[in-house]
Amino acid sequence: MPLERIRVLLVEDDPGQMAAIKALLERTQGVEFQLKIADRLASALEELIIGGMDIVLLDLSLPDSSGTDTFVKVRQAAPRIPIIVLTGTDDEQLALDLLRRGAQDYLFKGAIDGRLLVRAIRYSIYRMASERELEEQRLRHRLLMEGIADVRIYFKDEAGRFLEVNQALAKFHGFGDPEEVVGLTDYDLFTNEHADPASRDEQEIMRTGQPILGKVEREKGLDGTTSWSLTSKMPLEDGHGRKIGVIGISRDITNLKATEERLTTALEKLTKSLEALQETQLLLIQAEKLKSLGQMAASVAHEVRNPLAILHMGIECLGEFFFEGSEQMAEVVNEMKMAVRRAETIIRDMLDYSSARELERRDICVNTLIGQTLGFVRHDLVKAKVQVTTHFAEGLCACRLDAPKIEQVFINVFTNACHAMPGGGELTITTSERMIESDDPEAERDDCESVRFRRGDKVVVVEIRDSGSGIPEKMLPKLFDPFVTTKTSGNGTGLGLAVVKKIIDLHEGKIGIANAEGGGAQVTIELKGTPEPRFSGPHPMGTSVV
């Protein structure tokens with residue numbers, strides 16, 4: 001093994017002591033001592049300035065200096081080099097004083113042997129190195145604890161008591177000195193709302209040894225203030241690996257959280273604005289389509305209605321004069337009549353959908369209007385084996401409506417319900433009245449549509465529910481689009497609900513279609529009521545109509 005080399009500066013003015021110490025060091029095995037000798041303090045300080053020494057053996061009584069002052073000057077010149085004091089005076093008090101000032105050892109010249117001297121040299125060097133390392137660790141610890149002003153650092157014991165905290169944590173809780181926090185717990189700084197889960201987290205960390213990293217916590221102080229922090233905690237261990245507490249690092253992110261919430265709110269508003277813009281764009285496109293459709297419908301009505309009337313008369317004549325008595329031809333003639341009627345219905349629906357005629361309104365009771373409309377479709381209901389039950393609210397306020405157009409709405413909805421129950425079923429019609437409590441646009445907004453009702457408005461609500469199979473979910477958003485239908489070919493043009501929606505919009509009302517719980521579909525129509533008068537419905541609640 002290579003020899004251990006130790007560079008020694010011997011500060012001694014007595015030649016006999018110089019020779020004795022040199023001889024002791026030269027006889028040592030396993031260590032090569034490189035010895036330099038200075039017989040004055042001045043020459044010793046020069047050597048220390050040059051550097052390269054591992055240890056100083058210092059006699060306090062020199063020609064140019066003596067006593068404690070000699071040690072102090074050497075210590076100031078070489079604060080990082082260990083010093084062993086060699087003295088001819090066995091003075092215990094002096095020894096203690098020099099050790100407190102930083103001497104590594106104090107040896108009485110009359111009792112020194114080679115083994116003692118070498119051991120003192122080695123121990124002094126190792127102790128000095130350990131002290132330097134410990135001091136550097138303390139410096140790093142101090143820089144970590146006090147150098148980061150916006151990070152709260154703390155150490156806790158097993159009971160959750162603070163052992164040490166930095167200035168940032170003390171300041172955060174209103175303390176001027178970190179020592180004031182030592183001995184306190186989270187329960188002395190926060191409400192139980194935060195202290196309880198924090199304590200459970202720390203107990204779990206000590207039990208499992210697993211840290212908690214980057215946890216966002218809502219903290220509520222005893223004074224009622226609320227803050228947010230980003231916290232990491234890890235187990236605190238002693239020298240034997242036993243878990244004796246936790247180490248915590250926490251950063252206040254209250255401002256960041258507030259900024260995040262503002263950005264989230266702004267994003268939500270931007271999203272709603274974008275949706276509104278998209279809806280407006282669709283409405284403009286729809287309006288342009290309506291304009292084109294109106295022009296086309298007027299042209300079709302002019303060009304096609306007269307030929308259809310002639311075809312209708314011709315088919316009647318064929319059936320009456322040429323094919324009378326022939327069942328097969330009678331069936332063909334009947335199908336031709338149905339085809340002509342379908343063409344006429346399409347033209348009429350197109351005109352209704354594109355028409356922008358003024359409404360002819362008057363005060364009407366919705367209960368009465370529904371009763372009249374049920375009479376119009378009674379034959380279809382009986383034929384379809386549909387049982388109708390009404391639940392009409394008494395004393396409904398009147399609604400200012402164009403009766404024929406609203407009748408057209410109810411006829412369309414009732415007819416669609418019949419088609420949805422080909423094997424028979426139940427149609428339930430319920431009316432009610434409600435008062436709008438708030439004019440908050442967000443509370444009363446129907447998707448991206450304009451606000452229909454304001455605070456204080458009376459609204460008559462009509463709910464029409466069938467017991468059919470319901471509507472495919474993918475079709476629900478498209479039901480009011482022109483030429484969209486859920487019926488089989490030949491049973492609808494797809495303009496009915498589009499016309500219904502337009503009529504309700506003209507009345508500044510709302511209509512919605514959804515699948516009802518338990519099966520079937522439900523149509524909900526809301527119409528603005530007038531302050532007076534009030535009417536009683538023609539049918540008592542719960543009466544079966546069909």
# chains A, B, ... in the order shown; residues from 1 in each chain; ligands from 1

call {"tool": "residues_around", "arguments": {"residues": "range 40-45 of chain A", "least_positions_apart": "5", "cutoff": "7 Å", "atoms": "only C-alpha atoms", "output": "list in words"}}
result
Val11, Asp13, Leu62, Pro63, Asp64, Ser65, Val74 and Ala77 of chain A

call {"tool": "residues_around", "arguments": {"residues": "Glu179 in chain A", "least_positions_apart": "6", "cutoff": "12 Å", "atoms": "only C-alpha atoms", "output": "count of residues only"}}
result
10

call {"tool": "select_by_dssp", "arguments": {"residues": "range 56-166 of chain A", "states": "strand (DSSP E or B)", "output": "list in words"}}
result
Val56, Leu57, Leu58, Asp59, Leu62, Ser65, Ile83, Ile84, Val85, Leu86, Thr87, Asp105, Tyr106, Leu107, Phe108, Val151, Arg152, Ile153, Tyr154, Phe155, Lys156, Asp157, Phe162, Leu163, Glu164 and Val165 of chain A

call {"tool": "select_by_dssp", "arguments": {"residues": "range 150-226 of chain A", "states": "helix (DSSP H, G or I)", "output": "list in words"}}
result
Gln167, Ala168, Leu169, Ala170, Lys171, Phe172, Pro178, Glu179, Glu180, Asp186, Tyr187, Asp188, Asn192, Glu193, His194, Ala195, Asp196, Pro197, Ala198, Ser199, Arg200, Asp201, Glu202, Gln203, Glu204, Ile205, Met206, Arg207 and Thr208 of chain A

call {"tool": "write_last_selection", "arguments": {"atoms": "N, CA and C atoms", "output": "CSV table (one decimal), in the first residue's frame"}}
result
chain,number,residue,atom,x,y,z
A,167,GLN,N,-37.3,31.3,7.8
A,167,GLN,CA,-37.9,32.7,8.0
A,167,GLN,C,-39.1,32.8,7.1
A,168,ALA,N,-39.2,32.2,5.9
A,168,ALA,CA,-40.3,32.4,5.1
A,168,ALA,C,-41.6,31.8,5.7
A,169,LEU,N,-41.5,30.7,6.4
A,169,LEU,CA,-42.6,30.1,7.1
A,169,LEU,C,-43.1,30.9,8.2
A,170,ALA,N,-42.1,31.4,9.0
A,170,ALA,CA,-42.4,32.2,10.2
A,170,ALA,C,-43.1,33.5,9.7
A,171,LYS,N,-42.6,34.1,8.6
A,171,LYS,CA,-43.2,35.4,8.1
A,171,LYS,C,-44.6,35.1,7.6
A,172,PHE,N,-44.8,34.0,6.9
A,172,PHE,CA,-46.1,33.6,6.4
A,172,PHE,C,-47.2,33.6,7.4
A,178,PRO,N,-38.3,32.8,13.6
A,178,PRO,CA,-38.6,31.3,13.4
A,178,PRO,C,-38.7,30.5,14.7
A,179,GLU,N,-37.9,30.9,15.7
A,179,GLU,CA,-37.9,30.2,17.0
A,179,GLU,C,-39.3,30.3,17.7
A,180,GLU,N,-40.1,31.3,17.3
A,180,GLU,CA,-41.4,31.4,17.9
A,180,GLU,C,-42.4,30.3,17.4
A,186,ASP,N,-49.7,22.2,13.4
A,186,ASP,CA,-50.6,22.7,12.4
A,186,ASP,C,-51.9,23.2,13.0
A,187,TYR,N,-52.3,22.6,14.1
A,187,TYR,CA,-53.5,22.9,14.8
A,187,TYR,C,-53.4,24.3,15.4
A,188,ASP,N,-52.2,24.8,15.7
A,188,ASP,CA,-52.0,26.1,16.2
A,188,ASP,C,-52.0,27.2,15.1
A,192,ASN,N,-59.1,22.9,11.6
A,192,ASN,CA,-59.1,21.5,11.5
A,192,ASN,C,-59.3,21.0,10.0
A,193,GLU,N,-59.9,21.9,9.2
A,193,GLU,CA,-60.2,21.6,7.8
A,193,GLU,C,-58.9,21.2,7.1
A,194,HIS,N,-57.8,21.9,7.5
A,194,HIS,CA,-56.5,21.6,6.8
A,194,HIS,C,-55.7,20.8,7.7
A,195,ALA,N,-55.7,21.1,9.1
A,195,ALA,CA,-54.8,20.4,10.0
A,195,ALA,C,-55.0,18.9,10.0
A,196,ASP,N,-56.3,18.4,10.0
A,196,ASP,CA,-56.6,17.0,10.1
A,196,ASP,C,-56.0,16.2,8.9
A,197,PRO,N,-56.3,16.6,7.7
A,197,PRO,CA,-55.7,15.8,6.6
A,197,PRO,C,-54.2,15.9,6.5
A,198,ALA,N,-53.6,17.1,6.9
A,198,ALA,CA,-52.2,17.2,6.9
A,198,ALA,C,-51.6,16.3,7.9
A,199,SER,N,-52.2,16.2,9.1
A,199,SER,CA,-51.7,15.2,10.1
A,199,SER,C,-51.7,13.8,9.6
A,200,ARG,N,-52.9,13.4,9.0
A,200,ARG,CA,-53.0,12.0,8.5
A,200,ARG,C,-51.9,11.8,7.4
A,201,ASP,N,-51.7,12.7,6.6
A,201,ASP,CA,-50.6,12.6,5.5
A,201,ASP,C,-49.3,12.3,6.2
A,202,GLU,N,-48.9,13.0,7.2
A,202,GLU,CA,-47.6,12.9,7.9
A,202,GLU,C,-47.5,11.6,8.6
A,203,GLN,N,-48.6,11.1,9.2
A,203,GLN,CA,-48.5,9.8,9.9
A,203,GLN,C,-48.3,8.7,8.9
A,204,GLU,N,-49.0,8.8,7.7
A,204,GLU,CA,-48.8,7.8,6.6
A,204,GLU,C,-47.4,7.9,6.1
A,205,ILE,N,-46.8,9.0,6.0
A,205,ILE,CA,-45.4,9.1,5.5
A,205,ILE,C,-44.5,8.4,6.4
A,206,MET,N,-44.6,8.6,7.7
A,206,MET,CA,-43.8,7.9,8.7
A,206,MET,C,-44.0,6.4,8.7
A,207,ARG,N,-45.3,6.0,8.5
A,207,ARG,CA,-45.6,4.6,8.5
A,207,ARG,C,-45.0,3.9,7.3
A,208,THR,N,-45.1,4.5,6.1
A,208,THR,CA,-44.7,3.8,4.9
A,208,THR,C,-43.4,4.2,4.4

call {"tool": "closest_residue", "arguments": {"among": "A:Ala330, A:Val304, A:Glu433, A:Glu146", "to": "Glu344 in chain A", "atoms": "only C-alpha atoms"}}
result
A:Val304

call {"tool": "residues_around", "arguments": {"residues": "range 460-471 of chain A", "least_positions_apart": "4", "cutoff": "9 Å", "atoms": "only C-alpha atoms", "output": "mmCIF file with C-alpha atoms, in the first residue's frame"}}
result
data_model
loop_
_atom_site.group_PDB
_atom_site.id
_atom_site.type_symbol
_atom_site.label_atom_id
_atom_site.label_comp_id
_atom_site.auth_asym_id
_atom_site.auth_seq_id
_atom_site.Cartn_x
_atom_site.Cartn_y
_atom_site.Cartn_z
ATOM 1 C CA VAL A 366 -104.157 26.867 -24.029
ATOM 2 C CA LEU A 396 -104.268 29.156 -16.416
ATOM 3 C CA CYS A 397 -103.370 32.636 -17.571
ATOM 4 C CA ALA A 398 -104.224 33.448 -21.169
ATOM 5 C CA CYS A 399 -101.643 33.418 -23.948
ATOM 6 C CA VAL A 413 -97.113 16.815 -32.346
ATOM 7 C CA PHE A 414 -100.189 14.616 -31.727
ATOM 8 C CA ALA A 417 -97.091 10.649 -31.304
ATOM 9 C CA CYS A 418 -99.586 8.392 -33.094
ATOM 10 C CA HIS A 419 -96.925 7.390 -35.619
ATOM 11 C CA ALA A 420 -94.523 6.633 -32.724
ATOM 12 C CA MET A 421 -97.042 4.125 -31.267
ATOM 13 C CA PRO A 422 -98.107 1.964 -34.243
ATOM 14 C CA GLY A 424 -101.320 1.633 -29.698
ATOM 15 C CA GLY A 425 -100.232 3.330 -26.498
ATOM 16 C CA GLU A 426 -100.816 6.215 -24.150
ATOM 17 C CA LEU A 427 -100.565 9.944 -24.821
ATOM 18 C CA THR A 428 -100.376 12.140 -21.708
ATOM 19 C CA ILE A 429 -100.877 15.905 -21.942
ATOM 20 C CA THR A 430 -100.092 18.091 -18.938
ATOM 21 C CA THR A 431 -100.384 21.867 -18.600
ATOM 22 C CA SER A 432 -98.992 24.063 -15.855
ATOM 23 C CA GLU A 433 -97.978 27.626 -15.148
ATOM 24 C CA ARG A 434 -94.768 29.002 -13.718
ATOM 25 C CA MET A 475 -81.322 12.293 -34.150
ATOM 26 C CA LEU A 476 -82.285 14.545 -31.225
ATOM 27 C CA THR A 486 -87.458 9.639 -38.116
ATOM 28 C CA ALA A 514 -86.284 14.634 -25.362
ATOM 29 C CA ASN A 515 -86.553 10.986 -24.484
ATOM 30 C CA ALA A 516 -88.567 10.595 -21.277
ATOM 31 C CA GLY A 518 -89.085 5.097 -18.527
ATOM 32 C CA GLY A 519 -89.458 5.208 -22.310
ATOM 33 C CA GLY A 520 -91.179 7.261 -24.960
ATOM 34 C CA ALA A 521 -90.597 10.830 -26.052
ATOM 35 C CA GLN A 522 -91.663 14.090 -24.435
ATOM 36 C CA VAL A 523 -92.332 17.400 -26.165
ATOM 37 C CA THR A 524 -92.231 20.475 -23.929
ATOM 38 C CA ILE A 525 -93.723 23.736 -25.214
ATOM 39 C CA GLU A 526 -93.436 27.006 -23.276
ATOM 40 C CA LEU A 527 -95.568 30.032 -24.204
ATOM 41 C CA LYS A 528 -95.533 33.476 -22.616
ATOM 42 C CA GLY A 529 -98.709 34.245 -20.705
#

call {"tool": "closest_residue", "arguments": {"among": "A:Lys474, A:Arg142, A:Leu401, A:Leu48", "to": "Glu508 in chain A", "atoms": "only C-alpha atoms"}}
result
A:Leu401

call {"tool": "closest_residue", "arguments": {"among": "A:Arg361, A:Met234, A:Lys458, A:Leu374", "to": "Leu506 in chain A", "atoms": "only C-alpha atoms"}}
result
A:Arg361

call {"tool": "atom_distance", "arguments": {"atom1": "CA of Ile21 in chain A", "atom2": "CA of Arg100 in chain A"}}
result
25.5 Å

call {"tool": "residues_around", "arguments": {"residues": "Phe108 in chain A", "least_positions_apart": "5", "cutoff": "9 Å", "atoms": "only C-alpha atoms", "output": "MDAnalysis selection string"}}
result
chainID A and resid 85:91

call {"tool": "residues_around", "arguments": {"residues": "Leu58 in chain A", "least_positions_apart": "2", "cutoff": "8 Å", "atoms": "only C-alpha atoms", "output": "list in words"}}
result
Leu10, Val11, Glu12, Val56, Leu60, Phe71, Ile83, Ile84, Val85 and Leu86 of chain A

call {"tool": "residues_around", "arguments": {"residues": "Asp457 in chain A", "least_positions_apart": "3", "cutoff": "6 Å", "atoms": "only C-alpha atoms", "output": "list in words"}}
result
Met435, Ile436 and Arg454 of chain A

call {"tool": "write_last_selection", "arguments": {"atoms": "N, CA and C atoms", "output": "compact mmCIF listing (two decimals), in the first residue's frame"}}
result
# COMPACT_ATOMS: atom_id res chain seq x y z
N MET A 435 -93.71 30.99 -12.89
CA MET A 435 -93.26 32.38 -12.91
C MET A 435 -91.74 32.39 -13.07
N ILE A 436 -91.23 33.24 -13.94
CA ILE A 436 -89.79 33.36 -14.12
C ILE A 436 -89.23 34.16 -12.95
N ARG A 454 -88.26 36.83 -19.25
CA ARG A 454 -87.60 37.68 -18.26
C ARG A 454 -88.25 37.48 -16.90

call {"tool": "decode", "arguments": {"residues": "range 18-53 of chain A", "atoms": "N, CA and C atoms", "output": "short mmCIF file (atom, residue, chain, number, x, y, z; two decimals), in the first residue's frame"}}
result
data_model
loop_
_atom_site.label_atom_id
_atom_site.label_comp_id
_atom_site.auth_asym_id
_atom_site.auth_seq_id
_atom_site.Cartn_x
_atom_site.Cartn_y
_atom_site.Cartn_z
N MET A 18 13.17 20.40 18.67
CA MET A 18 13.10 20.16 17.22
C MET A 18 13.62 18.77 16.88
N ALA A 19 14.77 18.43 17.43
CA ALA A 19 15.39 17.14 17.12
C ALA A 19 14.55 16.00 17.65
N ALA A 20 14.02 16.16 18.86
CA ALA A 20 13.22 15.09 19.47
C ALA A 20 11.97 14.81 18.65
N ILE A 21 11.29 15.85 18.28
CA ILE A 21 10.03 15.65 17.51
C ILE A 21 10.35 15.08 16.14
N LYS A 22 11.45 15.56 15.52
CA LYS A 22 11.83 15.03 14.21
C LYS A 22 12.13 13.55 14.31
N ALA A 23 12.80 13.14 15.38
CA ALA A 23 13.14 11.72 15.56
C ALA A 23 11.88 10.89 15.77
N LEU A 24 10.94 11.41 16.55
CA LEU A 24 9.68 10.68 16.79
C LEU A 24 8.91 10.45 15.48
N LEU A 25 8.90 11.46 14.64
CA LEU A 25 8.16 11.34 13.39
C LEU A 25 8.85 10.41 12.41
N GLU A 26 10.20 10.43 12.39
CA GLU A 26 10.93 9.60 11.45
C GLU A 26 10.82 8.12 11.80
N ARG A 27 10.63 7.79 13.04
CA ARG A 27 10.53 6.37 13.45
C ARG A 27 9.14 5.78 13.21
N THR A 28 8.21 6.60 12.83
CA THR A 28 6.83 6.12 12.62
C THR A 28 6.74 5.32 11.33
N GLN A 29 6.16 4.13 11.41
CA GLN A 29 6.01 3.26 10.24
C GLN A 29 4.63 3.51 9.58
N GLY A 30 4.62 3.40 8.25
CA GLY A 30 3.36 3.53 7.50
C GLY A 30 3.00 4.96 7.17
N VAL A 31 3.74 5.92 7.70
CA VAL A 31 3.44 7.33 7.42
C VAL A 31 4.74 8.02 7.08
N GLU A 32 4.72 8.81 6.02
CA GLU A 32 5.86 9.61 5.64
C GLU A 32 5.57 11.06 6.01
N PHE A 33 6.28 11.57 7.00
CA PHE A 33 6.09 12.95 7.44
C PHE A 33 7.07 13.85 6.70
N GLN A 34 6.57 14.87 6.05
CA GLN A 34 7.40 15.87 5.38
C GLN A 34 7.42 17.09 6.31
N LEU A 35 8.56 17.27 6.99
CA LEU A 35 8.64 18.23 8.08
C LEU A 35 9.34 19.52 7.64
N LYS A 36 8.68 20.64 7.98
CA LYS A 36 9.31 21.95 7.84
C LYS A 36 9.32 22.60 9.22
N ILE A 37 10.42 23.35 9.50
CA ILE A 37 10.58 23.93 10.83
C ILE A 37 10.70 25.44 10.72
N ALA A 38 9.98 26.15 11.60
CA ALA A 38 10.10 27.60 11.71
C ALA A 38 10.37 27.93 13.17
N ASP A 39 11.45 28.73 13.43
CA ASP A 39 11.79 29.03 14.82
C ASP A 39 11.28 30.40 15.26
N ARG A 40 10.57 31.08 14.39
CA ARG A 40 9.96 32.37 14.72
C ARG A 40 8.50 32.37 14.23
N LEU A 41 7.69 33.19 14.87
CA LEU A 41 6.30 33.32 14.41
C LEU A 41 6.26 33.91 13.01
N ALA A 42 7.11 34.89 12.75
CA ALA A 42 7.11 35.54 11.43
C ALA A 42 7.39 34.56 10.32
N SER A 43 8.42 33.72 10.52
CA SER A 43 8.74 32.74 9.47
C SER A 43 7.64 31.69 9.34
N ALA A 44 6.99 31.37 10.45
CA ALA A 44 5.87 30.42 10.41
C ALA A 44 4.72 30.97 9.58
N LEU A 45 4.44 32.26 9.78
CA LEU A 45 3.34 32.87 9.01
C LEU A 45 3.67 32.93 7.53
N GLU A 46 4.97 33.14 7.20
CA GLU A 46 5.37 33.12 5.79
C GLU A 46 5.12 31.76 5.16
N GLU A 47 5.48 30.71 5.89
CA GLU A 47 5.25 29.34 5.38
C GLU A 47 3.75 29.07 5.17
N LEU A 48 2.96 29.57 6.09
CA LEU A 48 1.51 29.35 5.98
C LEU A 48 0.92 30.10 4.79
N ILE A 49 1.50 31.27 4.49
CA ILE A 49 1.03 32.02 3.32
C ILE A 49 1.37 31.26 2.05
N ILE A 50 2.54 30.66 2.00
CA ILE A 50 2.93 29.85 0.84
C ILE A 50 1.98 28.68 0.68
N GLY A 51 1.57 28.06 1.80
CA GLY A 51 0.61 26.98 1.78
C GLY A 51 1.23 25.62 1.64
N GLY A 52 0.39 24.62 1.52
CA GLY A 52 0.85 23.25 1.32
C GLY A 52 0.98 22.45 2.59
N MET A 53 0.65 23.00 3.77
CA MET A 53 0.77 22.28 5.03
C MET A 53 -0.54 21.55 5.36
#
